[in-house]
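> The structure under discussion is supplied below as C-alpha cells; questions concerning it will follow.
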Amino acid sequence: MEKDVFIFHWQYYVVLYITFISRQEECDIRQYKTGILDNDETYMFRMMNYINSDINNPLLAIAFSSQEKLEEYLTKSKLDALILPDGMYEQIINANSEAINTDSMVIIRISSDETDADCIYKYLRADLIICDIVGRLENDRQPAGLKLRKTVGVISHTGRCGRTNLALALCMDDEVRGGLYIGMEEYGGLLSEGADETDKTLKDVSNLWYLVKNRSAFFSEKLRQTVVHRSNIDILNSPVSYIDIRNITASDIRWLLEQIKSMGEYTTVVFDIGAAVCSDWTILECFDWIIMAEPDKDIYQIRSRSFDRMLIQQELGKISCQIKHVQVPDVSYDSPEMTVWIEKMRKKGMIYE
C-alpha cells in the first residue's frame, strides 16, 4: 500500500514531499531530521524529495530557502544534521549564529569538487550520498553500551484493544532472561493485588519516575525494589496517574534504557503506552519496534489515520510508517492461544524474530 502526503510549511518555505511505503521487514526505529540549505534550489528540493520518498533510509529531510529561515526553524525545533554546500559552510560558521549550534548537530559538507576529501561529492549517485550521510550520523552517535535484544513500544489510540495483554505477552516471549514490562498507562494499579499493595506500589512507581527525571544514581536499586515479579517477567506498574509521567521526554527514556542495559538483567523491555500519556512523541524513536494495538473496526481505522497525521505534523513521518498495526485476540497474555498468535504474527513480519 502506498499513500502520498504533501506538507507545506509556508513560514519556513519548507516543502516536504513524503511517499510512505508500508513494509514487512524488520528495521530499527530511528529517524534523523536533516536540514538542507543550498543556493541551488532545484538540487536541494530534488535531494529532499529523494530522501523522503525512500522509507528504507532513516533520514527525514527538510529544505530551507535561506539562512534566516533555517535560524527561525532552529529557534523552535532541532535538527540532527545539516547539509551545506562547501562555499556556504564558511558563511554559516563565521556568522556565529546563536540558533545554529554546530555542537548539537552534524554538519555535512557537499562540494562540486570531486577531489575534496572533506566533503561529499555533490553529483554522486543519490543513494550513495545517503549512505555516506547515514554513516557519518551513525559514527557520531554515543556508544550504546550493553545491547538489549529488543526494546518495544506498544501503543494504542483507544482502550480495550489488548494493548496491555500484548505488552505482557511480548515480555513472556523472551526466553533468554525474561522481559521487563514498563507501564505508562493513563492510570495505574491494574497489575497489583490488594488495595494496600496497590497504593504502596503506585507511590513507589511515581517516585521512580522522579528519579529518572533527576538522573539519580539510586535508580537501579529503586527499580529492583519496585518491580513486581510474576512468572518469568518483571512488571513496573503504571503510576497513579498519567500526570506523574506526562513530562517524560525522549531523553528521559534513553537514559532509563541505558540504566537498564547497564544492569544486565533483561534482554527485552516493553513499554505499555497509553494515548493520553505522551506529550513528547519523539519517545517512539527510542524503540526498536513500535506496535499499535487496535480493534478491527472502521472507526478505529479513521483514528489510526488521524494518529499518523499527527506524527507527520510533528515531523515523525518516517516513524509513522514503521508502526506495525495488529488486532490482539481477547485471550490471556500467558495463554497457549496468545503464544500461537504471536508466532503467527512473527511469520507475517508484524512482530520481531
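In the C-alpha cells, chains take letters A, B, ... by order of appearance, with residues numbered from 1 within each chain and ligands from 1 in the order shown.
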As an mmCIF file with C-alpha atoms, in the first residue's frame, please: the residues near A:Lys78 (cut-off 10 Å, only C-alpha atoms, same-chain neighbours under 3 positions excluded).

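Listed below is the output, out_9.cif:
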data_model
loop_
_atom_site.group_PDB
_atom_site.id
_atom_site.type_symbol
_atom_site.label_atom_id
_atom_site.label_comp_id
_atom_site.auth_asym_id
_atom_site.auth_seq_id
_atom_site.Cartn_x
_atom_site.Cartn_y
_atom_site.Cartn_z
ATOM 1 C CA LYS A 33 15.952 15.141 10.948
ATOM 2 C CA THR A 34 18.280 16.535 8.309
ATOM 3 C CA GLY A 35 18.195 20.111 7.069
ATOM 4 C CA TYR A 73 13.197 26.910 12.436
ATOM 5 C CA LEU A 74 16.002 26.129 14.898
ATOM 6 C CA THR A 75 14.575 28.518 17.497
ATOM 7 C CA ALA A 81 22.230 17.074 10.746
ATOM 8 C CA ALA A 99 20.397 29.446 16.684
ATOM 9 C CA ILE A 100 22.806 27.323 14.622
ATOM 10 C CA ASN A 101 24.667 25.312 17.227
ATOM 11 C CA SER A 104 24.367 19.780 18.707
ATOM 12 C CA MET A 105 24.139 18.579 15.102
#
> Could you give me, as a PDB file with C-alpha atoms, in the first residue's frame, the residues within 8 Å of A:Thr282, counting only C-alpha atoms and dropping anything in the same chain fewer than 2 positions from it?

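So selection.pdb came out as:
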ATOM      1  CA  THR A 249      10.730  13.081  27.297  1.00  0.00           C
ATOM      2  CA  ALA A 250      12.687  11.019  24.794  1.00  0.00           C
ATOM      3  CA  ASP A 280       6.704  14.129  23.565  1.00  0.00           C
ATOM      4  CA  LEU A 284       8.881   6.462  19.792  1.00  0.00           C
ATOM      5  CA  GLU A 285      12.365   6.947  18.338  1.00  0.00           C
ATOM      6  CA  CYS A 286      13.792   5.185  21.408  1.00  0.00           C
ATOM      7  CA  LEU A 316       7.924  11.975  12.668  1.00  0.00           C
TER       8      LEU A 316
END
> Looking only at the backbone, which of the residues in stretch 41-285 of chain A does DSSP tag as strand (DSSP E or B), as a PDB file with C-alpha atoms, in the first residue's frame?

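Output saved as result-v1.pdb:
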ATOM      1  CA  LEU A  59      16.570  10.442   7.162  1.00  0.00           C
ATOM      2  CA  LEU A  60      13.731  12.971   7.169  1.00  0.00           C
ATOM      3  CA  ALA A  61      14.875  15.886   5.022  1.00  0.00           C
ATOM      4  CA  ILE A  62      13.730  19.491   5.406  1.00  0.00           C
ATOM      5  CA  ALA A  63      14.765  22.096   2.827  1.00  0.00           C
ATOM      6  CA  PHE A  64      15.340  25.762   3.712  1.00  0.00           C
ATOM      7  CA  ALA A  81      22.230  17.074  10.746  1.00  0.00           C
ATOM      8  CA  LEU A  82      22.621  19.968   8.339  1.00  0.00           C
ATOM      9  CA  ILE A  83      23.754  19.565   4.721  1.00  0.00           C
ATOM     10  CA  LEU A  84      25.589  22.607   3.348  1.00  0.00           C
ATOM     11  CA  PRO A  85      27.471  23.342   0.123  1.00  0.00           C
ATOM     12  CA  VAL A 106      26.368  17.011  12.480  1.00  0.00           C
ATOM     13  CA  ILE A 107      27.405  19.397   9.700  1.00  0.00           C
ATOM     14  CA  ILE A 108      27.737  17.591   6.363  1.00  0.00           C
ATOM     15  CA  ARG A 109      29.507  19.469   3.594  1.00  0.00           C
ATOM     16  CA  ILE A 110      28.909  18.763  -0.084  1.00  0.00           C
ATOM     17  CA  SER A 111      31.078  20.026  -2.922  1.00  0.00           C
ATOM     18  CA  ILE A 120      30.667  14.526  -0.154  1.00  0.00           C
ATOM     19  CA  TYR A 121      30.728  14.909  -3.924  1.00  0.00           C
ATOM     20  CA  LYS A 150      14.952  -5.584  21.821  1.00  0.00           C
ATOM     21  CA  THR A 151      13.054  -2.603  23.168  1.00  0.00           C
ATOM     22  CA  VAL A 152       9.412  -2.363  22.168  1.00  0.00           C
ATOM     23  CA  GLY A 153       6.769   0.331  22.456  1.00  0.00           C
ATOM     24  CA  VAL A 154       3.170  -0.937  22.439  1.00  0.00           C
ATOM     25  CA  ILE A 155       0.730   1.907  21.839  1.00  0.00           C
ATOM     26  CA  GLY A 179      11.317  -9.373  29.946  1.00  0.00           C
ATOM     27  CA  LEU A 180      10.663  -6.158  31.840  1.00  0.00           C
ATOM     28  CA  TYR A 181       7.207  -4.639  31.400  1.00  0.00           C
ATOM     29  CA  ILE A 182       7.073  -0.854  31.946  1.00  0.00           C
ATOM     30  CA  GLY A 183       3.596   0.586  32.382  1.00  0.00           C
ATOM     31  CA  MET A 184       2.892   4.040  31.002  1.00  0.00           C
ATOM     32  CA  TYR A 187      -3.975   5.240  35.360  1.00  0.00           C
ATOM     33  CA  VAL A 228       6.516  -6.862  40.761  1.00  0.00           C
ATOM     34  CA  HIS A 229       7.757 -10.382  39.965  1.00  0.00           C
ATOM     35  CA  ARG A 230       5.338 -12.577  38.056  1.00  0.00           C
ATOM     36  CA  ILE A 233       8.791 -11.431  33.850  1.00  0.00           C
ATOM     37  CA  ASP A 234       9.164  -8.317  35.969  1.00  0.00           C
ATOM     38  CA  ILE A 235       6.430  -5.691  35.997  1.00  0.00           C
ATOM     39  CA  LEU A 236       6.839  -1.995  36.641  1.00  0.00           C
ATOM     40  CA  SER A 241      -1.964   8.973  37.122  1.00  0.00           C
ATOM     41  CA  THR A 268      13.568  -7.424  26.423  1.00  0.00           C
ATOM     42  CA  VAL A 269      11.959  -4.222  27.660  1.00  0.00           C
ATOM     43  CA  VAL A 270       8.377  -3.486  26.629  1.00  0.00           C
ATOM     44  CA  PHE A 271       6.637  -0.159  27.246  1.00  0.00           C
ATOM     45  CA  ASP A 272       2.819  -0.123  27.526  1.00  0.00           C
ATOM     46  CA  ILE A 273       1.970   3.441  26.452  1.00  0.00           C
TER      47      ILE A 273
END
> Near A:Phe219, counting only C-alpha atoms, which residues have an atom at most 12 Å away, once you skip same-chain residues fewer than 3 positions from it, shown as a compact mmCIF listing (two decimals) with N, CA and C atoms, in the first residue's frame?

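Now in result-v2.txt:
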# COMPACT_ATOMS: atom_id res chain seq x y z
N ASP A 204 5.54 4.14 44.90
CA ASP A 204 6.93 3.80 44.59
C ASP A 204 7.23 4.06 43.12
N VAL A 205 6.28 3.74 42.23
CA VAL A 205 6.48 3.95 40.80
C VAL A 205 6.61 5.44 40.49
N ASN A 207 7.67 7.74 42.45
CA ASN A 207 8.98 8.15 42.95
C ASN A 207 10.10 7.71 41.99
N LEU A 208 9.92 6.54 41.39
CA LEU A 208 10.93 6.02 40.46
C LEU A 208 11.05 6.94 39.24
N TRP A 209 9.92 7.36 38.69
CA TRP A 209 9.96 8.27 37.54
C TRP A 209 10.57 9.61 37.92
N TYR A 210 10.40 10.02 39.17
CA TYR A 210 11.06 11.24 39.65
C TYR A 210 12.58 11.06 39.61
N LEU A 211 13.04 9.87 39.96
CA LEU A 211 14.48 9.59 39.91
C LEU A 211 14.99 9.62 38.46
N VAL A 212 14.15 9.17 37.53
CA VAL A 212 14.54 9.23 36.12
C VAL A 212 14.74 10.68 35.69
N LYS A 213 13.78 11.53 36.02
CA LYS A 213 13.87 12.94 35.62
C LYS A 213 15.11 13.60 36.21
N ASN A 214 15.52 13.15 37.39
CA ASN A 214 16.66 13.77 38.06
C ASN A 214 17.97 13.00 37.85
N ARG A 215 17.93 11.96 36.99
CA ARG A 215 19.12 11.18 36.66
C ARG A 215 19.81 10.68 37.93
N SER A 216 19.03 10.11 38.81
CA SER A 216 19.54 9.70 40.12
C SER A 216 20.41 8.45 40.03
N LYS A 222 16.41 1.31 43.16
CA LYS A 222 14.99 1.55 43.37
C LYS A 222 14.15 0.73 42.41
N LEU A 223 14.62 0.55 41.18
CA LEU A 223 13.88 -0.26 40.21
C LEU A 223 13.74 -1.69 40.71
N ARG A 224 14.83 -2.26 41.20
CA ARG A 224 14.78 -3.63 41.71
C ARG A 224 13.78 -3.77 42.85
N GLN A 225 13.66 -2.73 43.67
CA GLN A 225 12.74 -2.77 44.80
C GLN A 225 11.29 -2.58 44.39
N THR A 226 11.07 -1.93 43.25
CA THR A 226 9.72 -1.53 42.86
C THR A 226 9.03 -2.52 41.95
N TRP A 255 17.85 7.65 28.72
CA TRP A 255 18.63 7.49 29.95
C TRP A 255 18.16 6.27 30.73
N LEU A 256 16.83 6.10 30.82
CA LEU A 256 16.26 4.94 31.51
C LEU A 256 16.75 3.64 30.88
N LEU A 257 16.73 3.56 29.56
CA LEU A 257 17.17 2.34 28.87
C LEU A 257 18.65 2.08 29.08
N GLU A 258 19.46 3.13 29.12
CA GLU A 258 20.89 2.95 29.38
C GLU A 258 21.11 2.37 30.77
N GLN A 259 20.34 2.82 31.75
CA GLN A 259 20.47 2.28 33.11
C GLN A 259 20.07 0.81 33.15
N ILE A 260 19.00 0.47 32.45
CA ILE A 260 18.53 -0.92 32.42
C ILE A 260 19.55 -1.81 31.71
N SER A 262 22.77 -1.32 31.59
CA SER A 262 23.94 -1.48 32.46
C SER A 262 23.68 -2.47 33.58
N MET A 263 22.40 -2.66 33.96
CA MET A 263 22.06 -3.65 34.98
C MET A 263 22.31 -5.07 34.47
> Pick out the closest residue to A:Glu265 from this set: A:Arg46, A:Arg149, A:Lys348, A:Arg303. Count only C-alpha atoms.
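Closest to A:Glu265 of all the choices is A:Arg149.
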> Taking only C-alpha atoms into account, name the residue in A:Gln327, A:Phe45, A:Ser206, A:Lys347 that is nearest to A:Asp244.
A:Ser206
> Distance atom CA of A:Asn56-atom CA of A:Lys318, one decimal place?
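Those two atoms sit 9.1 Å apart.
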> Report, in Å with one decimal, the straight-line distance from atom CA of A:Cys321 to atom CA of A:Arg309.
10.7 Å
> One decimal, in Å: what's the spacing between atom CA of A:Thr164 and atom CA of A:Ala293?
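Straight-line distance from atom CA of A:Thr164 to atom CA of A:Ala293 works out to 9.2 Å.
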> Ranking A:Val328, A:Val240, A:Met48, A:Ile130 by minimum distance to A:Glu294 and counting only C-alpha atoms, which one comes first?
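Selected residue with least distance to A:Glu294: A:Val328.
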